[in-house]
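Asker: Below you'll find final08.txt; it's compact mmCIF, C-alpha atoms and all ligand atoms.
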# COMPACT_ATOMS: atom_id res chain seq x y z
CA MET A 19 17.25 -4.43 14.24
CA ASN A 20 14.03 -3.00 12.81
CA LEU A 21 10.70 -4.46 13.86
CA LEU A 22 9.17 -3.49 10.52
CA THR A 23 10.91 -2.88 7.19
CA VAL A 24 8.80 -1.66 4.28
CA SER A 25 10.86 -1.57 1.07
CA ASP A 26 9.79 0.03 -2.18
CA ILE A 27 6.11 -1.00 -2.00
CA SER A 28 3.94 -0.22 -5.02
CA VAL A 29 0.28 -1.14 -5.45
CA GLN A 30 -1.91 -0.63 -8.51
CA GLU A 31 -5.63 -1.19 -8.99
CA SER A 32 -6.86 -1.51 -12.59
CA GLY A 33 -3.65 0.11 -13.82
CA ILE A 34 -4.01 3.10 -11.47
CA PRO A 35 -1.16 3.59 -8.99
CA ILE A 36 -2.47 3.57 -5.40
CA LEU A 37 0.92 3.34 -3.66
CA GLN A 38 4.20 4.32 -5.25
CA ASN A 39 7.60 3.16 -4.01
CA ILE A 40 6.93 3.45 -0.28
CA SER A 41 9.88 2.69 2.01
CA PHE A 42 10.28 3.20 5.74
CA SER A 43 11.24 1.25 8.82
CA GLN A 44 10.03 1.09 12.40
CA GLN A 45 11.86 0.21 15.59
CA GLU A 46 10.23 -1.81 18.34
CA GLY A 47 8.15 0.54 20.53
CA GLN A 48 8.36 3.44 18.05
CA LYS A 49 4.99 5.16 17.57
CA ILE A 50 4.29 6.04 13.94
CA ALA A 51 1.32 8.10 12.71
CA ILE A 52 0.28 8.29 9.07
CA SER A 53 -1.34 11.47 7.84
CA GLY A 54 -2.76 12.43 4.47
CA GLU A 55 -5.90 13.57 2.71
CA THR A 56 -8.73 11.20 1.84
CA GLY A 57 -7.67 8.83 -0.93
CA SER A 58 -3.92 9.39 -0.43
CA GLY A 59 -3.36 5.66 0.16
CA LYS A 60 -3.10 5.44 3.96
CA SER A 61 -5.46 2.47 4.42
CA THR A 62 -3.97 0.61 1.45
CA LEU A 63 -0.53 1.05 3.01
CA LEU A 64 -1.67 -0.39 6.37
CA GLN A 65 -3.46 -3.27 4.63
CA THR A 66 -0.35 -4.06 2.60
CA ILE A 67 1.75 -4.09 5.78
CA ALA A 68 -0.82 -6.43 7.35
CA GLY A 69 -0.56 -8.81 4.39
CA LEU A 70 -4.16 -8.14 3.30
CA VAL A 71 -3.34 -6.35 0.03
CA GLN A 72 -0.90 -7.80 -2.50
CA PRO A 73 1.85 -5.36 -3.49
CA ASP A 74 2.78 -5.30 -7.19
CA SER A 75 6.38 -4.84 -6.12
CA GLY A 76 8.37 -4.37 -2.93
CA THR A 77 8.53 -6.26 0.34
CA VAL A 78 7.34 -6.01 3.93
CA TYR A 79 9.39 -7.71 6.65
CA LEU A 80 8.47 -8.13 10.31
CA HIS A 81 11.83 -8.79 11.98
CA ASP A 82 13.34 -11.11 9.38
CA SER A 83 10.10 -12.78 8.35
CA LEU A 84 8.56 -11.81 4.99
CA VAL A 85 4.92 -10.71 5.25
CA GLU A 86 3.23 -12.59 2.43
CA GLY A 87 0.33 -11.06 0.50
CA PRO A 88 -3.02 -12.76 -0.24
CA HIS A 89 -1.70 -14.19 -3.54
CA ASP A 90 0.95 -16.18 -1.66
CA LYS A 91 -1.07 -17.26 1.36
CA LEU A 92 -4.39 -19.08 1.70
CA VAL A 93 -5.51 -17.20 4.81
CA PRO A 94 -4.40 -13.59 4.38
CA GLY A 95 -2.66 -11.78 7.23
CA HIS A 96 0.35 -12.27 9.46
CA PRO A 97 0.01 -13.88 12.92
CA GLU A 98 2.03 -11.14 14.62
CA ILE A 99 0.34 -8.19 12.92
CA ALA A 100 -3.14 -7.05 13.96
CA TYR A 101 -5.14 -4.60 11.83
CA LEU A 102 -8.18 -2.74 13.17
CA SER A 103 -10.13 -1.63 10.14
CA GLN A 104 -12.49 1.35 10.04
CA GLN A 105 -15.20 -1.20 9.22
CA PHE A 106 -14.48 -3.77 11.94
CA GLU A 107 -17.24 -6.27 12.62
CA LEU A 108 -18.44 -8.04 15.76
CA PRO A 109 -20.79 -11.02 15.85
CA GLN A 110 -24.34 -9.83 16.60
CA PHE A 111 -26.46 -10.71 19.67
CA LEU A 112 -23.68 -12.43 21.65
CA ARG A 113 -22.50 -11.49 25.12
CA VAL A 114 -19.18 -9.67 25.12
CA GLU A 115 -17.63 -12.48 27.18
CA GLN A 116 -18.70 -14.95 24.47
CA VAL A 117 -17.12 -12.82 21.78
CA LEU A 118 -13.91 -12.66 23.74
CA GLN A 119 -13.38 -16.36 24.18
CA TYR A 120 -9.86 -16.13 25.35
CA SER A 121 -9.87 -19.34 27.37
CA ASN A 122 -7.88 -21.43 24.92
CA SER A 123 -5.09 -18.97 24.44
CA LEU A 124 -5.10 -16.77 27.54
CA THR A 125 -5.01 -17.43 31.27
CA GLU A 126 -7.77 -15.88 33.37
CA GLU A 127 -5.27 -13.37 34.65
CA GLU A 128 -4.21 -12.36 31.14
CA ALA A 129 -7.82 -12.04 30.02
CA ALA A 130 -8.64 -9.85 33.04
CA ARG A 131 -5.67 -7.64 32.18
CA LEU A 132 -6.89 -7.21 28.61
CA TYR A 133 -10.39 -6.32 29.86
CA GLU A 134 -8.82 -3.72 32.12
CA ILE A 135 -6.47 -2.24 29.51
CA CYS A 136 -9.32 -1.96 27.00
CA HIS A 137 -11.70 -0.47 29.63
CA ILE A 138 -14.36 -3.12 29.01
CA GLN A 139 -14.58 -4.92 32.41
CA HIS A 140 -18.11 -3.59 32.95
CA LEU A 141 -19.33 -4.82 29.57
CA ALA A 142 -18.69 -8.58 29.88
CA LYS A 143 -22.38 -9.53 30.31
CA ARG A 144 -23.68 -7.01 27.76
CA LYS A 145 -24.83 -8.18 24.33
CA THR A 146 -23.00 -6.82 21.28
CA ASN A 147 -26.14 -5.10 19.99
CA GLN A 148 -26.39 -3.15 23.28
CA LEU A 149 -23.10 -1.29 22.94
CA SER A 150 -22.09 2.16 21.74
CA GLY A 151 -19.72 2.54 18.78
CA GLY A 152 -16.79 3.32 21.08
CA GLU A 153 -17.48 0.26 23.25
CA ARG A 154 -17.78 -2.00 20.21
CA GLN A 155 -14.46 -0.68 18.98
CA ARG A 156 -12.67 -1.44 22.28
CA ILE A 157 -14.08 -4.98 22.22
CA ALA A 158 -12.85 -5.47 18.65
CA LEU A 159 -9.49 -4.20 19.86
CA ALA A 160 -9.40 -6.59 22.82
CA ARG A 161 -10.23 -9.45 20.45
CA LEU A 162 -7.26 -8.53 18.24
CA LEU A 163 -4.95 -8.16 21.23
CA SER A 164 -5.78 -11.64 22.53
CA SER A 165 -3.30 -13.04 20.00
CA TRP A 166 -0.55 -10.79 21.48
CA PRO A 167 0.55 -9.21 18.21
CA SER A 168 3.95 -7.50 17.93
CA LEU A 169 2.53 -4.79 15.71
CA LEU A 170 -0.93 -3.19 15.89
CA LEU A 171 -2.21 -1.14 12.95
CA LEU A 172 -5.09 1.24 13.74
CA ASP A 173 -6.98 2.70 10.78
CA GLU A 174 -8.65 6.01 11.76
CA PRO A 175 -9.54 4.76 15.27
CA PHE A 176 -10.78 8.18 16.45
CA SER A 177 -13.20 8.93 13.64
CA ASN A 178 -16.85 9.01 14.74
CA LEU A 179 -16.02 9.01 18.48
CA ASP A 180 -17.31 11.66 20.86
CA MET A 181 -14.90 13.39 23.26
CA GLY A 182 -15.49 10.89 26.08
CA HIS A 183 -14.88 7.74 24.02
CA LYS A 184 -11.97 9.42 22.29
CA SER A 185 -10.16 10.15 25.53
CA THR A 186 -10.84 6.58 26.79
CA LEU A 187 -9.41 5.20 23.55
CA LYS A 188 -6.34 7.42 23.92
CA ALA A 189 -5.73 5.91 27.38
CA VAL A 190 -6.22 2.40 25.93
CA ILE A 191 -3.73 3.10 23.14
CA ARG A 192 -1.19 4.45 25.64
CA ASP A 193 -1.50 1.29 27.78
CA ILE A 194 -1.30 -1.03 24.77
CA SER A 195 2.02 0.54 23.99
CA GLU A 196 3.42 1.07 27.50
CA GLU A 197 2.03 -1.90 29.40
CA LEU A 198 1.74 -4.56 26.70
CA GLY A 199 4.82 -3.38 24.78
CA ILE A 200 3.00 -3.60 21.44
CA THR A 201 4.31 -1.36 18.64
CA LEU A 202 1.72 0.84 16.94
CA ILE A 203 1.02 2.54 13.64
CA LEU A 204 -2.01 4.81 13.60
CA ILE A 205 -3.82 6.72 10.87
CA SER A 206 -5.56 9.94 11.83
CA HIS A 207 -6.83 13.04 10.06
CA ASP A 208 -6.68 15.10 13.22
CA PRO A 209 -3.33 16.78 14.03
CA LEU A 210 -4.32 16.86 17.70
CA ASP A 211 -4.27 13.04 17.68
CA THR A 212 -0.93 12.66 15.96
CA LEU A 213 1.35 15.56 16.92
CA SER A 214 1.21 14.86 20.65
CA TRP A 215 1.38 11.07 20.31
CA ALA A 216 3.74 10.04 17.54
CA ASP A 217 7.50 9.64 17.59
CA GLU A 218 7.44 9.90 13.82
CA ILE A 219 4.88 11.05 11.26
CA LEU A 220 4.62 9.83 7.66
CA VAL A 221 2.88 12.22 5.26
CA MET A 222 1.13 10.66 2.26
CA GLN A 223 0.03 12.49 -0.89
CA GLN A 224 -1.42 10.75 -3.96
CA GLY A 225 0.07 7.38 -3.05
CA LYS A 226 3.53 8.74 -2.28
CA LEU A 227 5.35 9.17 1.00
CA ILE A 228 6.30 12.84 0.67
CA GLN A 229 7.70 13.54 4.13
CA GLN A 230 8.78 11.67 7.22
CA GLY A 231 10.02 13.12 10.51
CA THR A 232 9.28 14.05 14.09
CA PRO A 233 6.02 15.91 14.77
CA LEU A 234 7.98 19.11 15.48
CA HIS A 235 9.91 18.85 12.23
CA ILE A 236 6.81 18.13 10.12
CA TYR A 237 4.86 20.94 11.80
CA GLN A 238 7.56 23.59 11.54
CA GLN A 239 9.21 22.54 8.29
CA PRO A 240 6.53 20.97 6.05
CA VAL A 241 7.80 19.96 2.64
CA ASN A 242 4.95 21.82 0.89
CA ALA A 243 1.71 23.71 1.56
CA TYR A 244 -0.28 20.44 1.45
CA ALA A 245 1.84 18.95 4.28
CA ALA A 246 1.48 22.21 6.23
CA SER A 247 -2.31 22.12 5.83
CA LEU A 248 -2.60 18.66 7.43
CA PHE A 249 -1.31 19.93 10.78
CA GLY A 250 -2.96 23.31 11.24
CA LYS A 251 -3.58 26.71 9.78
CA TYR A 252 -0.85 28.69 8.08
CA ASN A 253 -0.11 31.84 6.09
CA LEU A 254 1.46 31.40 2.67
CA ILE A 255 2.96 34.62 1.41
CA PRO A 256 4.24 35.08 -2.15
CA ALA A 257 8.02 35.57 -2.41
CA GLU A 258 7.58 39.15 -3.68
CA ASP A 259 5.58 40.16 -0.58
CA ALA A 260 8.05 38.68 1.93
CA ALA A 261 10.00 41.96 1.87
CA LEU A 262 7.05 43.51 3.76
CA PHE A 263 8.31 41.50 6.73
CA GLY A 264 11.98 42.28 6.13
CA LEU A 265 12.54 38.81 4.66
CA GLN A 266 13.94 37.69 1.37
CA ASN A 267 14.44 34.38 -0.42
CA ASP A 268 16.00 34.37 -3.85
CA SER A 269 14.77 30.90 -4.79
CA GLY A 270 11.24 32.20 -5.44
CA LYS A 271 9.83 30.03 -2.64
CA GLN A 272 6.81 31.21 -0.66
CA LEU A 273 6.99 32.26 2.97
CA LEU A 274 5.12 29.97 5.37
CA LEU A 275 4.15 31.37 8.76
CA ARG A 276 2.10 29.53 11.35
CA PRO A 277 -0.46 31.93 12.94
CA GLU A 278 1.00 31.52 16.45
CA THR A 279 4.50 32.54 15.34
CA ILE A 280 3.30 36.08 14.56
CA ARG A 281 3.22 38.44 17.52
CA LEU A 282 1.19 41.61 17.85
CA SER A 283 2.53 44.65 19.65
CA PRO A 284 1.46 48.27 20.14
CA SER A 285 4.66 49.59 18.53
CA GLY A 286 7.06 48.37 15.87
CA THR A 287 7.93 48.75 12.20
CA ILE A 288 5.46 46.46 10.39
CA ALA A 289 2.04 48.09 10.70
CA GLY A 290 -1.32 46.48 9.99
CA ILE A 291 -5.06 46.86 10.62
CA VAL A 292 -7.22 44.25 12.39
CA THR A 293 -9.98 43.30 9.92
CA ASP A 294 -11.60 40.30 11.64
CA ILE A 295 -11.63 38.52 15.02
CA HIS A 296 -12.91 35.07 16.00
CA PHE A 297 -13.04 33.65 19.52
CA PHE A 298 -12.00 29.97 19.94
CA GLY A 299 -12.19 29.55 23.72
CA SER A 300 -8.52 29.41 24.64
CA TYR A 301 -7.37 31.85 21.93
CA TYR A 302 -8.47 34.41 19.34
CA GLU A 303 -7.87 34.29 15.62
CA LEU A 304 -7.32 37.68 14.07
CA ALA A 305 -7.09 38.72 10.44
CA VAL A 306 -4.61 41.56 10.06
CA GLN A 307 -4.09 43.40 6.78
CA VAL A 308 -0.43 44.30 6.18
CA GLY A 309 -0.07 46.01 2.80
CA GLU A 310 -1.50 43.58 0.23
CA VAL A 311 -1.17 40.63 2.59
CA LYS A 312 -3.92 39.39 4.91
CA LEU A 313 -2.31 37.59 7.87
CA LEU A 314 -4.00 35.05 10.10
CA ILE A 315 -2.69 35.50 13.65
CA LYS A 316 -3.36 33.52 16.83
CA SER A 317 -3.44 35.52 20.03
CA ILE A 318 -4.45 34.80 23.61
CA GLN A 319 -4.95 38.52 24.32
CA PRO A 320 -8.56 39.74 24.29
CA ASP A 321 -7.38 43.33 23.75
CA TYR A 322 -8.12 43.86 20.07
CA ALA A 323 -11.06 45.16 18.09
CA ILE A 324 -11.78 45.34 14.37
CA GLY A 325 -10.19 48.51 12.96
CA ASP A 326 -7.32 48.64 15.49
CA LYS A 327 -3.92 49.61 14.21
CA VAL A 328 -1.32 47.05 15.34
CA PHE A 329 2.29 46.13 14.66
CA VAL A 330 3.39 42.61 13.80
CA GLU A 331 6.61 40.73 14.43
CA VAL A 332 7.29 37.41 12.75
CA GLY A 333 9.06 34.59 14.59
CA ASP A 334 9.98 31.24 13.02
CA VAL A 335 9.78 31.35 9.24
CA TRP A 336 9.91 28.57 6.67
CA TRP A 337 10.03 28.67 2.88
CA VAL A 338 8.12 26.21 0.67
N1 LIG B 401 -9.65 -2.23 -4.27
C1 LIG B 401 -9.58 -1.04 -4.85
N2 LIG B 401 -9.94 -0.88 -6.15
C2 LIG B 401 -9.85 0.32 -6.75
N3 LIG B 401 -9.42 1.44 -6.15
C3 LIG B 401 -9.05 1.34 -4.87
C4 LIG B 401 -9.10 0.11 -4.15
N4 LIG B 401 -8.67 0.35 -2.88
C5 LIG B 401 -8.37 1.65 -2.82
N5 LIG B 401 -8.60 2.25 -4.00
C6 LIG B 401 -8.38 3.67 -4.31
O1 LIG B 401 -7.07 3.97 -3.88
C7 LIG B 401 -6.99 5.28 -3.34
C8 LIG B 401 -6.42 5.22 -1.94
O2 LIG B 401 -7.38 4.62 -1.09
P1 LIG B 401 -7.13 4.47 0.48
O3 LIG B 401 -8.38 3.92 1.08
O4 LIG B 401 -5.88 3.69 0.70
O5 LIG B 401 -6.89 5.98 0.90
P2 LIG B 401 -6.95 6.64 2.35
O6 LIG B 401 -5.87 7.65 2.36
O7 LIG B 401 -6.92 5.59 3.40
O8 LIG B 401 -8.36 7.34 2.32
P3 LIG B 401 -9.41 7.59 3.54
O9 LIG B 401 -8.76 8.59 4.43
O10 LIG B 401 -10.62 8.12 2.85
O11 LIG B 401 -9.64 6.26 4.21
C9 LIG B 401 -8.39 5.85 -3.41
O12 LIG B 401 -8.48 6.64 -4.56
C10 LIG B 401 -9.27 4.61 -3.52
O13 LIG B 401 -10.45 4.90 -4.22
Take the structure in the file and write it out as structure tokens.
Answerer:
Amino acid sequence: MNLLTVSDISVQESGIPILQNISFSQQEGQKIAISGETGSGKSTLLQTIAGLVQPDSGTVYLHDSLVEGPHDKLVPGHPEIAYLSQQFELPQFLRVEQVLQYSNSLTEEEAARLYEICHIQHLAKRKTNQLSGGERQRIALARLLSSWPSLLLLDEPFSNLDMGHKSTLKAVIRDISEELGITLILISHDPLDTLSWADEILVMQQGKLIQQGTPLHIYQQPVNAYAASLFGKYNLIPAEDAALFGLQNDSGKQLLLRPETIRLSPSGTIAGIVTDIHFFGSYYELAVQVGEVKLLIKSIQPDYAIGDKVFVEVGDVWWV
């Protein structure tokens, strides 16, 4: 049985469609990431799932219980669904331990476990105005977790965090899922946050769910150039130029090549000239002109210079 079933959700604001006919389901423990450009409807979707936004049509079920929207319920929200907004708030000038008044609902042992999982043990005596953004966020998270939700919805949790706080939060999110057994949906703009974490990715564009699949599937076989762009750089080559690479597609679709699927070699049949090189620490990005086409290629070899003649071989190809 599904933990979450979202069926044909549509939301409008002042006659403008914000979400259009969104359907998907989630199993217990399945990690879902939502990706999409700014304004594509990601937050509205999470808020609708949490019962904070009223859908104009469609339903959200947690197990077999209907999640009611704010028009049907005096206090919006569902007791088993926790939503961490991008604009979460904490009471000012209180000690962290006062904010996290678990005593009524949690045993001391349970509270200590939550402190540990959220990496906030050392902050108990600190006042809320003496915390960094990342620390405040983990306290807000601990507060939400104290009700032991079945489903936790995280809206852009990594935005505005430096590397240190980001990696702490990643460990917290892993433990929430593995140790507390809470199912998660997470929104992130950064492919590095989603590709390595999610079991399934939902891609949103202009209020529609345009693709759904494993990270590998979405990365290698994006449904369009927009979906490709959300997960990394790519080359998009017009159908008529694909023959340069010995490839052909009669449907008129464009050839999509990820930069790391193109190999450079000193000999071969497809010749090009290196026109630009950028160093990115663990790899180089090269621009290589092949006929009319400028290819972006990722290479770990430091052996190339601008003006070099090279040969290219293409690996995995995809047509969009
Ligand atoms: N209450 C509202 N009234 C009017 N328009 C709204 C309302 N809430 C959201 N919108 C609009 O709906 C669209 C989707 O917004 P939403 O915040 O869900 O997108 P998002 O993908 O989460 O964006 P971001 O990544 O910037 O957070 C945007 O164009 C936004 O301006």
Asker: Tell me, in Å to one decimal, how far CA of Ile157 in chain A is from CA of Gly182 in chain A.
Answerer: 16.4 Å
Asker: Just want the 8 Å neighbourhood of range 264-273 of chain A, counted on all atoms listed in the file, with same-chain residues fewer than 4 positions away dropped. Output as a list in words.
Answerer: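 Final neighbour list, sorted by chain and number: Asn253, Leu254, Ile255, Pro256, Ala257, Ala260, Val335, Trp336, Trp337 and Val338 of chain A.
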Asker: Env of range 95-110 of chain A: 9 Å cut, atoms = only C-alpha atoms, seq-sep filter 2 positions within chain, self excluded. Answer as a PDB file with C-alpha atoms, in the frame of the given file.
Answerer:
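Listed below is the output, out12.pdb:
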ATOM      1  CA  SER A  61      -5.460   2.470   4.420  1.00  0.00           C
ATOM      2  CA  LEU A  64      -1.670  -0.390   6.370  1.00  0.00           C
ATOM      3  CA  GLN A  65      -3.460  -3.270   4.630  1.00  0.00           C
ATOM      4  CA  ILE A  67       1.750  -4.090   5.780  1.00  0.00           C
ATOM      5  CA  ALA A  68      -0.820  -6.430   7.350  1.00  0.00           C
ATOM      6  CA  GLY A  69      -0.560  -8.810   4.390  1.00  0.00           C
ATOM      7  CA  LEU A  70      -4.160  -8.140   3.300  1.00  0.00           C
ATOM      8  CA  LEU A  80       8.470  -8.130  10.310  1.00  0.00           C
ATOM      9  CA  VAL A  85       4.920 -10.710   5.250  1.00  0.00           C
ATOM     10  CA  GLU A  86       3.230 -12.590   2.430  1.00  0.00           C
ATOM     11  CA  GLY A  87       0.330 -11.060   0.500  1.00  0.00           C
ATOM     12  CA  PRO A  88      -3.020 -12.760  -0.240  1.00  0.00           C
ATOM     13  CA  LYS A  91      -1.070 -17.260   1.360  1.00  0.00           C
ATOM     14  CA  VAL A  93      -5.510 -17.200   4.810  1.00  0.00           C
ATOM     15  CA  LEU A 112     -23.680 -12.430  21.650  1.00  0.00           C
ATOM     16  CA  ARG A 113     -22.500 -11.490  25.120  1.00  0.00           C
ATOM     17  CA  VAL A 117     -17.120 -12.820  21.780  1.00  0.00           C
ATOM     18  CA  LYS A 145     -24.830  -8.180  24.330  1.00  0.00           C
ATOM     19  CA  THR A 146     -23.000  -6.820  21.280  1.00  0.00           C
ATOM     20  CA  ASN A 147     -26.140  -5.100  19.990  1.00  0.00           C
ATOM     21  CA  ARG A 154     -17.780  -2.000  20.210  1.00  0.00           C
ATOM     22  CA  GLN A 155     -14.460  -0.680  18.980  1.00  0.00           C
ATOM     23  CA  ILE A 157     -14.080  -4.980  22.220  1.00  0.00           C
ATOM     24  CA  ALA A 158     -12.850  -5.470  18.650  1.00  0.00           C
ATOM     25  CA  LEU A 159      -9.490  -4.200  19.860  1.00  0.00           C
ATOM     26  CA  LEU A 162      -7.260  -8.530  18.240  1.00  0.00           C
ATOM     27  CA  LEU A 163      -4.950  -8.160  21.230  1.00  0.00           C
ATOM     28  CA  SER A 165      -3.300 -13.040  20.000  1.00  0.00           C
ATOM     29  CA  TRP A 166      -0.550 -10.790  21.480  1.00  0.00           C
ATOM     30  CA  PRO A 167       0.550  -9.210  18.210  1.00  0.00           C
ATOM     31  CA  SER A 168       3.950  -7.500  17.930  1.00  0.00           C
ATOM     32  CA  LEU A 169       2.530  -4.790  15.710  1.00  0.00           C
ATOM     33  CA  LEU A 170      -0.930  -3.190  15.890  1.00  0.00           C
ATOM     34  CA  LEU A 171      -2.210  -1.140  12.950  1.00  0.00           C
ATOM     35  CA  LEU A 172      -5.090   1.240  13.740  1.00  0.00           C
ATOM     36  CA  ASP A 173      -6.980   2.700  10.780  1.00  0.00           C
ATOM     37  CA  GLU A 174      -8.650   6.010  11.760  1.00  0.00           C
ATOM     38  CA  PRO A 175      -9.540   4.760  15.270  1.00  0.00           C
ATOM     39  CA  SER A 177     -13.200   8.930  13.640  1.00  0.00           C
TER      40      SER A 177
END
Asker: Just the number, please: distance in Å from CA of Leu275 in chain A to CA of Glu310 in chain A, one decimal.
Answerer: 15.9 Å
Asker: As a quick test: using only C-alpha atoms and all ligand atoms, which residues lie no more than 12 Å away from ligand LIG 401 (chain B)? Give them as a ChimeraX atom specification.
Answerer: /A:28-38,52-66,70-73,103-105,172-175,177,204-208,220-227
Asker: Please report the interatomic distance between CA of Val306 in chain A and CA of Ala245 in chain A in Å with one decimal.
Answerer: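 About the pair CA of Val306 in chain A and CA of Ala245 in chain A: they are 24.2 Å apart.
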Asker: Counting all atoms listed in the file, which residue out of A:Ala289, A:Leu124, A:Ile280, A:Val332 sits closest to Ile318 in chain A?
Answerer: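 Closest to Ile318 in chain A of all the choices is A:Ile280.
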Asker: Tell me, as a PyMOL selection string, which residues lie within 7 Å of Ser283 in chain A, counting all atoms listed in the file; anything in the same chain fewer than 3 positions away does not count.
Answerer: chain A and resi 286+328-330
Asker: Kindly indicate which residue among A:Leu248, A:Ile40, A:Leu198, A:Ala261 lies nearest to Asp211 in chain A, using all atoms listed in the file for the distances.
Answerer: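 Of all the options, A:Leu248 lies closest to Asp211 in chain A.
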